[in-house]
Amino acid sequence: AGGGYAGAATVVRDGEGGERSRGRERKKGKGSLRASRPSGAMRAVPTWIDRVHDREKLEQCIYDIAFKPDGTQLIVASGNRVLVYDSSDGTLIQPLKGHRDTVYCVAYAKDGKRFASGSADKSIIIWTSKLEGILKYTHNDSIQCIAYNPVTHRLASCSSSDFGLWSPEQKSVSKHKVNSKITCCSWTNDGQYLAIGLYNGIVSIRSKNGEEKVRIERPGGVPIWSICWNPSKDEHTDILAVADWGQRLSFFQLSGKQIGKDRALNFDPCCVSYFTKGEYIVMGGSDKQVSLYTKDGVRLGSIGEQQSWVWTCRVKPDSNYVVAGCQDGTIAFYQIIFSTVHGLYKDRYAYRDSMTDVIVQHLITEQKVRIKCRELVKKIAIYKNRLAIQLPEKILIHELFSEDNTDMHYRVKEKIAKKFECNLLVVCSQHLILCLEKRLQCLSFSGVKEREWLMESLIRYIKVIGGPTGREGLLVGLKNGQILKIFVDNPFAIVLLKQATSVRCLDMSMSRNKLAVVDEHNTCLVYDLSTKELLFQEPNANSVAWNTQCENMLCFSGGGFLNIKASNFPVHQQKLQGFVVGYNGSKIFCLHVYAMSAVEVPQSAPMYQYLEKKMYKEAYQIACLGVTENDWRDLAMEALEGMDFETAKKAFVRVRDLRYLELINNIEERKKHGENENELFLADVHAYQAKFHEAAKLYKKTGNNSRALNMYTDLRMFDYAKDFLGSGDPKDTKMLITKQADWARNINEPKAAAEMYISAGEHLKAIEIIGDNGWVDMLIDVARKLDKAEREPLSRCAYFLKKLQHPGYAAETYMKMGDLEAQILLHVETRHWEEAFSLVEKHPEFKDLVYVPYAQWLAENDQFEEAQKAFHKAGQQDEAVKVLEQLTHNAVLESRFSDAAYYYWMLSMQCLDIAREKKEKQLEMLKKFHHFQNLAELYHAYHSIQRYTDEPFSSHLPEALFNISRFLLHNLTKETPLGISKVNTLFALAKQSKALGAYKLARHAYDKLQGLRIPTRFQESIELGSLTIRSKPFHDSEDFVPMCYRCSTNNPLLNNQGNVCINCRQPFVFSASSYEVLPLVQFYLEEGITDEEAVALIDREAPKTEQKKDTWQETTIGDSQTLHLDDDMAKIEADPFTAKLSFEQGGSDFVPVVVNREVLQSMSKRDVLIKRWPKPLRWHYYRSLLPDVSITMCPTCFQMFHSEDYELLVLQHNCCPYCRRPIDESSP
């Protein structure tokens, strides 16, 4: 409190400074070093001292000093040697010799790898950090100063007439002349510029290459003796401090512009040096002392006084240590200790910064405001809206602009222009209180002394404890243990109490009823002021503070711990460094070293102490000061269990727990309605707190068993519910099991749920779960156990069994239900046709349910004949036609022309069936029949052409392809069916005609192709064929000219009439494989002859007359002899059918061959082929005119083949090549 200075024990050494071999003596003693007097700003503690002599005991002037960048070593220029010291204790590590004359300057590179020394012998020596000399270079005059570039590590060496720049990389020196003696130099932080101070009063700022950029001329031309750039990285511009022998300190920007005014020094400065961060300047010179200045040049005080000029002073890097070198060889090493100047009132903390500024910090909002005083701040006091600052020659009183608690703007209210000596300064609303030793003085803001109190002992502690404006009370603690209360408007001090030990710290509780004292033995003592009784005491305290919002709570710090004490409960401890200076709600204000911080301390411990005593309201008051959310919850729960619903409600509101608030509200409503059973309320509380067994016991005790049961079931605690029920009502048990099953289902335990549903009789729910999970065995078991009257569960069982691919069990279930329709549909769905048919035979009313799906399935599986039969059975002929039409269309699109032919044949036969069965559709269906028959023939023929043109190899003979092409072209005169290509047909005809010698036909085919769009793949072949056919004769070979077997007329290869004779119009009959014209003539029955009669007449066969064996007949007429086969001629003449072949020449209409009964009887059944078409068609009759030519007709499709071709095709395909009738199938 007195601010006195207790000097530390100082080790003073008259050090060696030279080599032991030269017989230097080491002297021990007090020496002549003196520490600075306390200035209120700081104090300097001497660390070590050394006095340097040469061998003749003559003092060696210390011209320059440099620190190694890490601060461990000190390089000293002394005499003609360079001395290296250990900076921690002043031990001389090694003297370095190399110069022949006085060493004037030393400098260490920023990277710590090398240092340099300059001497009056005109040389520079570069030394390594291992203290080895590695380089030496010279100037023309003595070296005055040197400096290393902080970035590039270039060395600037300055002599009396020039300066040089030495680069460690280039090992070269570039020198620049100057017109005056250089006295000092300094590099900027970024190493871009070098400032040089000259003896003629000029400062020259040069680029890093030596070019002059700025020139500063000082008035009067007095020598510039020391310059230094501010090393601070926080400054926006580079600032150069200049000290000249006009006894001035000035500051300049890099541009040469002066900052502020010159500062008068009243001595000749020899050296100026900044602290590492640029916040302070140290200076020495002719005043024989080292002084501390702010970075703006305000003198703060003396660091150490010497007995001779101080030529050099330097600050140890990143520390508060300063070293000075003197004219008499003294090297003095000091530690500077900055004292804390501050004040606190509630949540406002004011403290000194940079020695000349005051910062006011709001500890709650963390806002800060800086007040610049531009003079040394000696004392600070703060109270409510007042702030007092003591400067060396005056005291400033500031006030806040407004009454707002968060306002941080201060303005000067009063200024007392007097110099005051005091240990402590206190400010009140209208007064200043100065404390000096035992005396207290009360001054008005105008500086008038209004009152004075003289104490019995030294004042150790003083504090404003509030009060009305102008009548505030002060709490004062004395060294003799006396504690007094003083009111600023009362000349008499009131003794509160007297204790045996000296007072160190004081504080009074919120209601002024209790006093806490920390004594010199670090004991915290708490007194009741009304009774003067010592309530309790706690050890290990260095500071104490009462909570400003709670009467019975205080905290004290000490031993690295924070101690919180509530009422008479035990102390709660937590780690905390520093001193407690305030306690407001849950915030504790703690001063640690120089920083004040607001520590948020949860008041959990005292709150729980109150809770243990069931003092809920007091615990709530503590909680309001600041506790964690969990603490609030614990308070709420404890109060709820203790039936203090009001406190519990407040606490639950704080944690926003709507659930418990709802419970409390419910209880309060019930209380209003006259319910006062606390045990029932407590049971509800326990249920909410998950203390279910306690809740159940209380429910049972109060006769509310149903509540307990509902609680257990809602919580899915079914085992507990069963235990609670024991052997109770079966309805309750069933309900319990159902709820348990619902829960098991929800938590994804379906098997357990299903079993529970079954036991509770909820079969449908059980079946759904079993079915969804696919447990077939369980499903079958349930289905078999169910009664047949339970149709809905049985139906679901059958549905799931069918879905799970177990149709047998599903059928069994349907059978149990007696549901025939469902059983049949099941068989249909699972394609079990035999079972479906057997049921339909017994129950024909369901036939549509079977035959239609059966037919569709057959059609999908290409079993068209069976599908046709099934559609017929179901009466769905139209459906059959639609399916087949779609399949046929698909076959054409996919170029499966053989399949298309087969499908069209099938379609024609189905149309014939419809025509036979439905008279109203007979004409339409017969028309479709003939159309589909024609398409079937065309696609059957085109299949061979398509294979020939699209595949690399063909199994057909050229004659067959030739005939097929002609057949197709004769049928494609009107329209071309989908998928059939005229180009392919003509191309095949052209190639085969050319190969077989039908050149005229080939040329005609090529000509026709020129008018069609030809695919790219055929273009080259067709163009080549068109050219080469021109070299062939323009006629056709007669070998392939077709002959009409009725009229024996030779027909052209391409016939405009189509596939009929050009003479008699008789249609040709073709082989369905080679498409040769067969020797068959179609004949028709005379009117009145039925098909059955005709067949009977043909089968009868009239007997033949015996012919002569010699068939050769010779006739001689004149000179000629004729030999003829008489037997054949006789036959022809005798055959009545031959006569019927005749027709009237020249007619354009076709005259069919019509035969009567006589002719039919004359025919041999071996020579007659009959197409026995079903009704309503008539049969078609064909007579073979060449019986020796064997012709086979398929009994199903009635297509004609040469027998050899047919047998070969049947062997290949095992069926008719046209209608695909298997060979072992009998004719229909």
# chains A, B, ... in the order shown; residues from 1 in each chain; ligands from 1

$ residues_around --residues "Lys1175 in chain A" --least-positions-apart "6" --cutoff "12 Å" --atoms "only C-alpha atoms" --output "MDAnalysis selection string"
chainID A and resid 909 911:919 922 926 1091

$ write_last_selection --atoms "C-alpha atoms" --output "PDB file, in the first residue's frame"
ATOM      1  CA  MET A 909     -57.562 -72.028 -90.035  1.00  0.00           C
ATOM      2  CA  CYS A 911     -60.926 -67.867 -89.300  1.00  0.00           C
ATOM      3  CA  LEU A 912     -62.318 -70.979 -90.978  1.00  0.00           C
ATOM      4  CA  ASP A 913     -63.363 -72.334 -87.553  1.00  0.00           C
ATOM      5  CA  ILE A 914     -65.084 -69.031 -86.713  1.00  0.00           C
ATOM      6  CA  ALA A 915     -66.818 -69.029 -90.114  1.00  0.00           C
ATOM      7  CA  ARG A 916     -68.110 -72.509 -89.461  1.00  0.00           C
ATOM      8  CA  GLU A 917     -69.364 -71.703 -85.935  1.00  0.00           C
ATOM      9  CA  LYS A 918     -70.658 -68.158 -86.377  1.00  0.00           C
ATOM     10  CA  LYS A 919     -72.948 -67.815 -89.413  1.00  0.00           C
ATOM     11  CA  GLN A 922     -69.047 -66.368 -92.230  1.00  0.00           C
ATOM     12  CA  LEU A 926     -63.938 -66.689 -95.304  1.00  0.00           C
ATOM     13  CA  ASP A1091     -68.102 -84.641-101.922  1.00  0.00           C
TER      14      ASP A1091
END

$ atom_distance --atom1 "CA of Arg51 in chain A" --atom2 "CA of Ile227 in chain A"
26.8 Å

$ closest_residue --among "A:Ser1031, A:Glu437, A:Met643, A:Pro46" --to "Glu305 in chain A" --atoms "only C-alpha atoms"
A:Pro46

$ residues_around --residues "range 395-399 of chain A" --least-positions-apart "5" --cutoff "6 Å" --atoms "only C-alpha atoms" --output "NGL selection string"
:A and (385-390 or 410-416)

$ write_last_selection --atoms "C-alpha atoms" --output "compact mmCIF listing (two decimals), in the first residue's frame"
# COMPACT_ATOMS: atom_id res chain seq x y z
CA ASN A 385 -18.91 7.51 -12.86
CA ARG A 386 -15.66 9.10 -11.63
CA LEU A 387 -12.09 8.43 -12.69
CA ALA A 388 -9.08 10.15 -11.05
CA ILE A 389 -5.61 10.06 -12.64
CA GLN A 390 -2.51 11.39 -10.84
CA TYR A 410 -15.10 9.81 -20.30
CA ARG A 411 -14.51 13.55 -20.30
CA VAL A 412 -12.35 15.73 -18.04
CA LYS A 413 -14.45 17.22 -15.25
CA GLU A 414 -11.81 18.87 -13.07
CA LYS A 415 -8.05 19.47 -13.08
CA ILE A 416 -6.05 19.99 -9.88

$ residues_around --residues "range 279-283 of chain A" --least-positions-apart "4" --cutoff "9 Å" --atoms "only C-alpha atoms" --output "JSON, numbers by chain"
{"A": [230, 232, 269, 270, 271, 272, 273, 274, 275, 289, 290, 291, 292, 293, 294, 295, 296, 297, 303, 310, 312, 313, 314, 315, 322, 354]}

$ residues_around --residues "range 246-257 of chain A" --least-positions-apart "6" --cutoff "7 Å" --atoms "only C-alpha atoms" --output "PyMOL selection string"
chain A and resi 214-216+222+237-240+263-269

$ write_last_selection --atoms "C-alpha atoms" --output "short mmCIF file (atom, residue, chain, number, x, y, z; two decimals), in the first residue's frame"
data_model
loop_
_atom_site.label_atom_id
_atom_site.label_comp_id
_atom_site.auth_asym_id
_atom_site.auth_seq_id
_atom_site.Cartn_x
_atom_site.Cartn_y
_atom_site.Cartn_z
CA VAL A 214 15.82 11.53 -48.01
CA ARG A 215 17.92 14.21 -46.34
CA ILE A 216 16.95 15.69 -42.95
CA VAL A 222 24.73 20.32 -34.05
CA THR A 237 4.95 3.86 -40.61
CA ASP A 238 8.67 3.62 -39.91
CA ILE A 239 9.65 6.02 -37.10
CA LEU A 240 13.22 7.25 -36.60
CA ARG A 263 11.85 16.92 -26.75
CA ALA A 264 14.34 18.79 -24.59
CA LEU A 265 16.76 16.43 -22.77
CA ASN A 266 18.95 18.73 -20.67
CA PHE A 267 22.00 16.55 -21.38
CA ASP A 268 24.10 15.46 -24.32
CA PRO A 269 22.75 12.10 -25.47
#

$ select_by_dssp --residues "range 1136-1185 of chain A" --states "strand (DSSP E or B)" --output "MDAnalysis selection string"
chainID A and resid 1153:1155 1168:1171 1180:1184

$ write_last_selection --atoms "all heavy atoms" --output "compact mmCIF listing (two decimals), in the first residue's frame"
# COMPACT_ATOMS: atom_id res chain seq x y z
N VAL A 1153 -62.70 -77.24 -115.48
CA VAL A 1153 -62.96 -78.62 -115.88
C VAL A 1153 -64.02 -79.16 -114.95
O VAL A 1153 -63.81 -79.26 -113.74
CB VAL A 1153 -61.68 -79.48 -115.81
CG1 VAL A 1153 -61.99 -80.92 -116.18
CG2 VAL A 1153 -60.59 -78.90 -116.69
N VAL A 1154 -65.21 -79.49 -115.48
CA VAL A 1154 -66.32 -80.01 -114.68
C VAL A 1154 -66.56 -81.46 -115.08
O VAL A 1154 -66.67 -81.78 -116.29
CB VAL A 1154 -67.59 -79.17 -114.89
CG1 VAL A 1154 -68.73 -79.73 -114.06
CG2 VAL A 1154 -67.34 -77.70 -114.56
N VAL A 1155 -66.62 -82.36 -114.12
CA VAL A 1155 -66.76 -83.80 -114.41
C VAL A 1155 -68.09 -84.30 -113.85
O VAL A 1155 -68.60 -83.79 -112.86
CB VAL A 1155 -65.59 -84.60 -113.82
CG1 VAL A 1155 -64.29 -84.18 -114.43
CG2 VAL A 1155 -65.54 -84.46 -112.31
N VAL A 1168 -55.89 -89.13 -108.25
CA VAL A 1168 -56.69 -88.01 -107.78
C VAL A 1168 -56.19 -87.58 -106.36
O VAL A 1168 -56.00 -88.43 -105.50
CB VAL A 1168 -58.18 -88.37 -107.71
CG1 VAL A 1168 -58.97 -87.18 -107.16
CG2 VAL A 1168 -58.69 -88.73 -109.10
N LEU A 1169 -55.98 -86.24 -106.21
CA LEU A 1169 -55.63 -85.67 -104.91
C LEU A 1169 -56.76 -84.75 -104.48
O LEU A 1169 -57.24 -83.92 -105.28
CB LEU A 1169 -54.33 -84.87 -104.99
CG LEU A 1169 -53.07 -85.68 -105.30
CD1 LEU A 1169 -51.92 -84.75 -105.65
CD2 LEU A 1169 -52.67 -86.55 -104.13
N ILE A 1170 -57.20 -84.92 -103.24
CA ILE A 1170 -58.36 -84.15 -102.77
C ILE A 1170 -57.96 -83.31 -101.54
O ILE A 1170 -57.41 -83.83 -100.55
CB ILE A 1170 -59.51 -85.10 -102.36
CG1 ILE A 1170 -59.88 -86.02 -103.53
CG2 ILE A 1170 -60.72 -84.29 -101.92
CD1 ILE A 1170 -60.83 -87.12 -103.14
N LYS A 1171 -58.21 -82.00 -101.62
CA LYS A 1171 -58.02 -81.13 -100.46
C LYS A 1171 -59.35 -81.12 -99.70
O LYS A 1171 -60.31 -80.50 -100.13
CB LYS A 1171 -57.66 -79.71 -100.88
CG LYS A 1171 -56.29 -79.59 -101.51
CD LYS A 1171 -55.94 -78.13 -101.81
CE LYS A 1171 -54.55 -78.00 -102.41
NZ LYS A 1171 -54.19 -76.60 -102.73
N HIS A 1180 -61.45 -79.57 -102.74
CA HIS A 1180 -60.79 -79.28 -104.03
C HIS A 1180 -60.22 -80.58 -104.57
O HIS A 1180 -59.51 -81.29 -103.84
CB HIS A 1180 -59.68 -78.25 -103.84
CG HIS A 1180 -60.19 -76.88 -103.45
ND1 HIS A 1180 -59.38 -75.81 -103.21
CD2 HIS A 1180 -61.46 -76.42 -103.29
CE1 HIS A 1180 -60.10 -74.75 -102.90
NE2 HIS A 1180 -61.39 -75.11 -102.94
N TYR A 1181 -60.45 -80.79 -105.90
CA TYR A 1181 -60.05 -82.06 -106.53
C TYR A 1181 -59.00 -81.77 -107.60
O TYR A 1181 -59.13 -80.80 -108.37
CB TYR A 1181 -61.26 -82.75 -107.19
CG TYR A 1181 -62.34 -83.13 -106.19
CD1 TYR A 1181 -63.33 -82.21 -105.82
CD2 TYR A 1181 -62.35 -84.40 -105.64
CE1 TYR A 1181 -64.30 -82.55 -104.91
CE2 TYR A 1181 -63.34 -84.74 -104.71
CZ TYR A 1181 -64.32 -83.84 -104.37
OH TYR A 1181 -65.29 -84.17 -103.48
N TYR A 1182 -57.96 -82.61 -107.62
CA TYR A 1182 -56.89 -82.46 -108.59
C TYR A 1182 -56.62 -83.82 -109.23
O TYR A 1182 -56.55 -84.85 -108.54
CB TYR A 1182 -55.61 -81.95 -107.92
CG TYR A 1182 -55.77 -80.58 -107.32
CD1 TYR A 1182 -56.23 -80.41 -106.02
CD2 TYR A 1182 -55.48 -79.45 -108.07
CE1 TYR A 1182 -56.40 -79.17 -105.47
CE2 TYR A 1182 -55.63 -78.19 -107.50
CZ TYR A 1182 -56.09 -78.05 -106.22
OH TYR A 1182 -56.25 -76.81 -105.68
N ARG A 1183 -56.44 -83.77 -110.56
CA ARG A 1183 -56.13 -85.01 -111.29
C ARG A 1183 -54.70 -84.91 -111.79
O ARG A 1183 -54.29 -83.91 -112.37
CB ARG A 1183 -57.09 -85.18 -112.47
CG ARG A 1183 -56.69 -86.24 -113.49
CD ARG A 1183 -56.89 -87.66 -112.94
NE ARG A 1183 -56.33 -88.64 -113.86
CZ ARG A 1183 -56.99 -89.17 -114.89
NH1 ARG A 1183 -58.24 -88.81 -115.12
NH2 ARG A 1183 -56.41 -90.05 -115.68
N SER A 1184 -53.92 -85.97 -111.49
CA SER A 1184 -52.53 -86.01 -111.98
C SER A 1184 -52.55 -86.52 -113.41
O SER A 1184 -53.11 -87.59 -113.70
CB SER A 1184 -51.70 -86.93 -111.10
OG SER A 1184 -50.42 -87.08 -111.65

$ residues_around --residues "range 1190-1207 of chain A" --least-positions-apart "5" --cutoff "10 Å" --atoms "only C-alpha atoms" --output "CSV table (one decimal) with N, CA, C and O atoms, in the first residue's frame"
chain,number,residue,atom,x,y,z
A,905,TRP,N,-51.0,-69.2,-91.6
A,905,TRP,CA,-51.7,-70.5,-91.9
A,905,TRP,C,-52.7,-70.8,-90.7
A,905,TRP,O,-53.8,-71.1,-90.8
A,906,MET,N,-52.1,-70.7,-89.4
A,906,MET,CA,-52.9,-70.9,-88.2
A,906,MET,C,-54.1,-69.9,-88.2
A,906,MET,O,-55.2,-70.3,-87.8
A,909,MET,N,-56.8,-70.9,-90.5
A,909,MET,CA,-57.6,-72.0,-90.0
A,909,MET,C,-58.5,-71.6,-88.9
A,909,MET,O,-59.6,-72.1,-88.8
A,933,GLN,N,-54.4,-67.3,-96.2
A,933,GLN,CA,-53.8,-68.5,-96.9
A,933,GLN,C,-52.8,-68.0,-97.9
A,933,GLN,O,-51.7,-68.5,-98.1
A,937,GLU,N,-48.6,-68.5,-98.0
A,937,GLU,CA,-47.9,-69.0,-99.1
A,937,GLU,C,-46.8,-68.1,-99.5
A,937,GLU,O,-45.6,-68.5,-99.8
A,1069,VAL,N,-50.5,-75.4,-110.4
A,1069,VAL,CA,-50.4,-76.0,-109.1
A,1069,VAL,C,-48.9,-76.2,-108.8
A,1069,VAL,O,-48.2,-76.9,-109.6
A,1070,PHE,N,-48.3,-75.6,-107.8
A,1070,PHE,CA,-46.9,-75.6,-107.5
A,1070,PHE,C,-46.6,-76.5,-106.4
A,1070,PHE,O,-47.3,-76.7,-105.4
A,1071,SER,N,-45.3,-77.0,-106.5
A,1071,SER,CA,-44.7,-77.8,-105.3
A,1071,SER,C,-44.4,-76.7,-104.2
A,1071,SER,O,-43.8,-75.7,-104.6
A,1072,ALA,N,-44.7,-77.0,-103.0
A,1072,ALA,CA,-44.5,-76.0,-101.9
A,1072,ALA,C,-43.0,-76.0,-101.5
A,1072,ALA,O,-42.7,-75.3,-100.5
A,1073,SER,N,-42.1,-76.8,-102.1
A,1073,SER,CA,-40.7,-76.7,-101.8
A,1073,SER,C,-39.9,-76.2,-103.0
A,1073,SER,O,-39.2,-75.2,-102.8
A,1074,SER,N,-40.0,-76.8,-104.2
A,1074,SER,CA,-39.2,-76.4,-105.3
A,1074,SER,C,-40.0,-75.4,-106.2
A,1074,SER,O,-39.4,-74.7,-107.0
A,1075,TYR,N,-41.3,-75.2,-106.0
A,1075,TYR,CA,-42.2,-74.3,-106.7
A,1075,TYR,C,-42.1,-74.6,-108.2
A,1075,TYR,O,-42.2,-73.7,-109.1
A,1076,GLU,N,-41.9,-75.9,-108.6
A,1076,GLU,CA,-42.1,-76.3,-109.9
A,1076,GLU,C,-43.6,-76.5,-110.2
A,1076,GLU,O,-44.3,-76.8,-109.2
A,1078,LEU,N,-46.6,-78.6,-110.9
A,1078,LEU,CA,-46.9,-80.0,-110.8
A,1078,LEU,C,-47.9,-80.4,-111.9
A,1078,LEU,O,-48.8,-79.6,-112.3
A,1079,PRO,N,-47.8,-81.7,-112.4
A,1079,PRO,CA,-48.7,-82.1,-113.5
A,1079,PRO,C,-50.1,-82.4,-113.0
A,1079,PRO,O,-50.6,-83.5,-113.0
A,1080,LEU,N,-50.7,-81.4,-112.4
A,1080,LEU,CA,-52.1,-81.5,-111.8
A,1080,LEU,C,-53.0,-80.5,-112.4
A,1080,LEU,O,-52.6,-79.4,-112.7
A,1166,ARG,N,-55.6,-93.3,-107.3
A,1166,ARG,CA,-54.1,-93.0,-107.2
A,1166,ARG,C,-53.8,-91.7,-108.0
A,1166,ARG,O,-52.8,-91.1,-107.7
A,1167,ASP,N,-54.7,-91.4,-109.0
A,1167,ASP,CA,-54.4,-90.3,-109.8
A,1167,ASP,C,-55.1,-89.0,-109.3
A,1167,ASP,O,-54.9,-87.9,-109.8
A,1169,LEU,N,-56.0,-86.2,-106.2
A,1169,LEU,CA,-55.6,-85.7,-104.9
A,1169,LEU,C,-56.8,-84.7,-104.5
A,1169,LEU,O,-57.2,-83.9,-105.3
A,1170,ILE,N,-57.2,-84.9,-103.2
A,1170,ILE,CA,-58.4,-84.2,-102.8
A,1170,ILE,C,-58.0,-83.3,-101.5
A,1170,ILE,O,-57.4,-83.8,-100.6
A,1171,LYS,N,-58.2,-82.0,-101.6
A,1171,LYS,CA,-58.0,-81.1,-100.5
A,1171,LYS,C,-59.4,-81.1,-99.7
A,1171,LYS,O,-60.3,-80.5,-100.1
A,1172,ARG,N,-59.4,-81.8,-98.6
A,1172,ARG,CA,-60.7,-82.0,-97.9
A,1172,ARG,C,-60.8,-80.9,-96.9
A,1172,ARG,O,-60.6,-81.0,-95.7
A,1173,TRP,N,-61.2,-79.7,-97.4
A,1173,TRP,CA,-61.3,-78.5,-96.5
A,1173,TRP,C,-62.6,-78.7,-95.6
A,1173,TRP,O,-63.6,-79.3,-96.0
A,1180,HIS,N,-61.4,-79.6,-102.7
A,1180,HIS,CA,-60.8,-79.3,-104.0
A,1180,HIS,C,-60.2,-80.6,-104.6
A,1180,HIS,O,-59.5,-81.3,-103.8
A,1184,SER,N,-53.9,-86.0,-111.5
A,1184,SER,CA,-52.5,-86.0,-112.0
A,1184,SER,C,-52.5,-86.5,-113.4
A,1184,SER,O,-53.1,-87.6,-113.7
A,1212,GLN,N,-35.6,-83.8,-92.2
A,1212,GLN,CA,-34.9,-82.6,-91.7
A,1212,GLN,C,-35.6,-82.0,-90.5
A,1212,GLN,O,-35.0,-81.7,-89.5
A,1214,ASN,N,-38.7,-83.1,-89.1
A,1214,ASN,CA,-39.6,-84.0,-88.3
A,1214,ASN,C,-41.0,-83.6,-88.2
A,1214,ASN,O,-41.8,-83.9,-87.4
A,1215,CYS,N,-41.4,-82.7,-89.2
A,1215,CYS,CA,-42.8,-82.3,-89.3
A,1215,CYS,C,-43.0,-81.7,-90.7
A,1215,CYS,O,-42.0,-81.6,-91.5
A,1216,CYS,N,-44.2,-81.4,-91.1
A,1216,CYS,CA,-44.5,-80.8,-92.4
A,1216,CYS,C,-43.8,-79.5,-92.4
A,1216,CYS,O,-43.9,-78.6,-91.5
A,1217,PRO,N,-43.1,-79.2,-93.5
A,1217,PRO,CA,-42.3,-77.9,-93.6
A,1217,PRO,C,-43.2,-76.7,-93.7
A,1217,PRO,O,-42.8,-75.6,-93.5
A,1218,TYR,N,-44.5,-76.9,-93.9
A,1218,TYR,CA,-45.4,-75.8,-94.1
A,1218,TYR,C,-46.3,-75.6,-92.9
A,1218,TYR,O,-46.3,-74.5,-92.3
A,1219,CYS,N,-47.0,-76.6,-92.4
A,1219,CYS,CA,-47.9,-76.4,-91.3
A,1219,CYS,C,-47.3,-77.0,-90.0
A,1219,CYS,O,-48.0,-76.9,-89.0
A,1220,ARG,N,-46.1,-77.6,-90.1
A,1220,ARG,CA,-45.4,-78.1,-88.9
A,1220,ARG,C,-46.2,-79.2,-88.2
A,1220,ARG,O,-46.1,-79.3,-87.0
A,1221,ARG,N,-47.0,-79.9,-88.9
A,1221,ARG,CA,-47.7,-81.1,-88.3
A,1221,ARG,C,-46.7,-82.2,-88.1
A,1221,ARG,O,-46.0,-82.6,-89.0
A,1223,ILE,N,-44.9,-85.7,-87.8
A,1223,ILE,CA,-45.1,-86.8,-88.8
A,1223,ILE,C,-45.9,-88.0,-88.2
A,1223,ILE,O,-46.6,-88.7,-89.0
A,1225,GLU,N,-48.4,-87.6,-86.3
A,1225,GLU,CA,-49.8,-87.2,-86.0
A,1225,GLU,C,-50.7,-87.6,-87.2
A,1225,GLU,O,-50.4,-87.3,-88.3
A,1226,SER,N,-51.7,-88.2,-86.8
A,1226,SER,CA,-52.7,-88.7,-87.9
A,1226,SER,C,-53.4,-87.5,-88.4
A,1226,SER,O,-53.6,-86.5,-87.8
A,1227,SER,N,-53.9,-87.7,-89.6
A,1227,SER,CA,-54.7,-86.7,-90.3
A,1227,SER,C,-56.0,-86.4,-89.6
A,1227,SER,O,-56.6,-87.4,-89.1
A,1228,PRO,N,-56.4,-85.2,-89.5
A,1228,PRO,CA,-57.7,-84.9,-88.8
A,1228,PRO,C,-58.9,-85.4,-89.6
A,1228,PRO,O,-58.9,-85.5,-90.8

$ atom_distance --atom1 "CA of Val495 in chain A" --atom2 "CA of Cys524 in chain A"
19.4 Å

$ residues_around --residues "Phe1018 in chain A" --least-positions-apart "6" --cutoff "10 Å" --atoms "only C-alpha atoms" --output "MDAnalysis selection string"
chainID A and resid 949 983:984 987

$ write_last_selection --atoms "C-alpha atoms" --output "PDB file, in the first residue's frame"
ATOM      1  CA  THR A 949     -29.924 -62.699 -99.950  1.00  0.00           C
ATOM      2  CA  VAL A 983     -35.520 -55.813-104.535  1.00  0.00           C
ATOM      3  CA  ASN A 984     -34.455 -59.074-102.896  1.00  0.00           C
ATOM      4  CA  PHE A 987     -32.085 -59.671-107.304  1.00  0.00           C
TER       5      PHE A 987
END

$ atom_distance --atom1 "CA of Val544 in chain A" --atom2 "CA of Gly626 in chain A"
19.5 Å

$ closest_residue --among "A:Gly201, A:Gly133, A:Pro539, A:Gly260" --to "Arg218 in chain A" --atoms "only C-alpha atoms"
A:Gly201
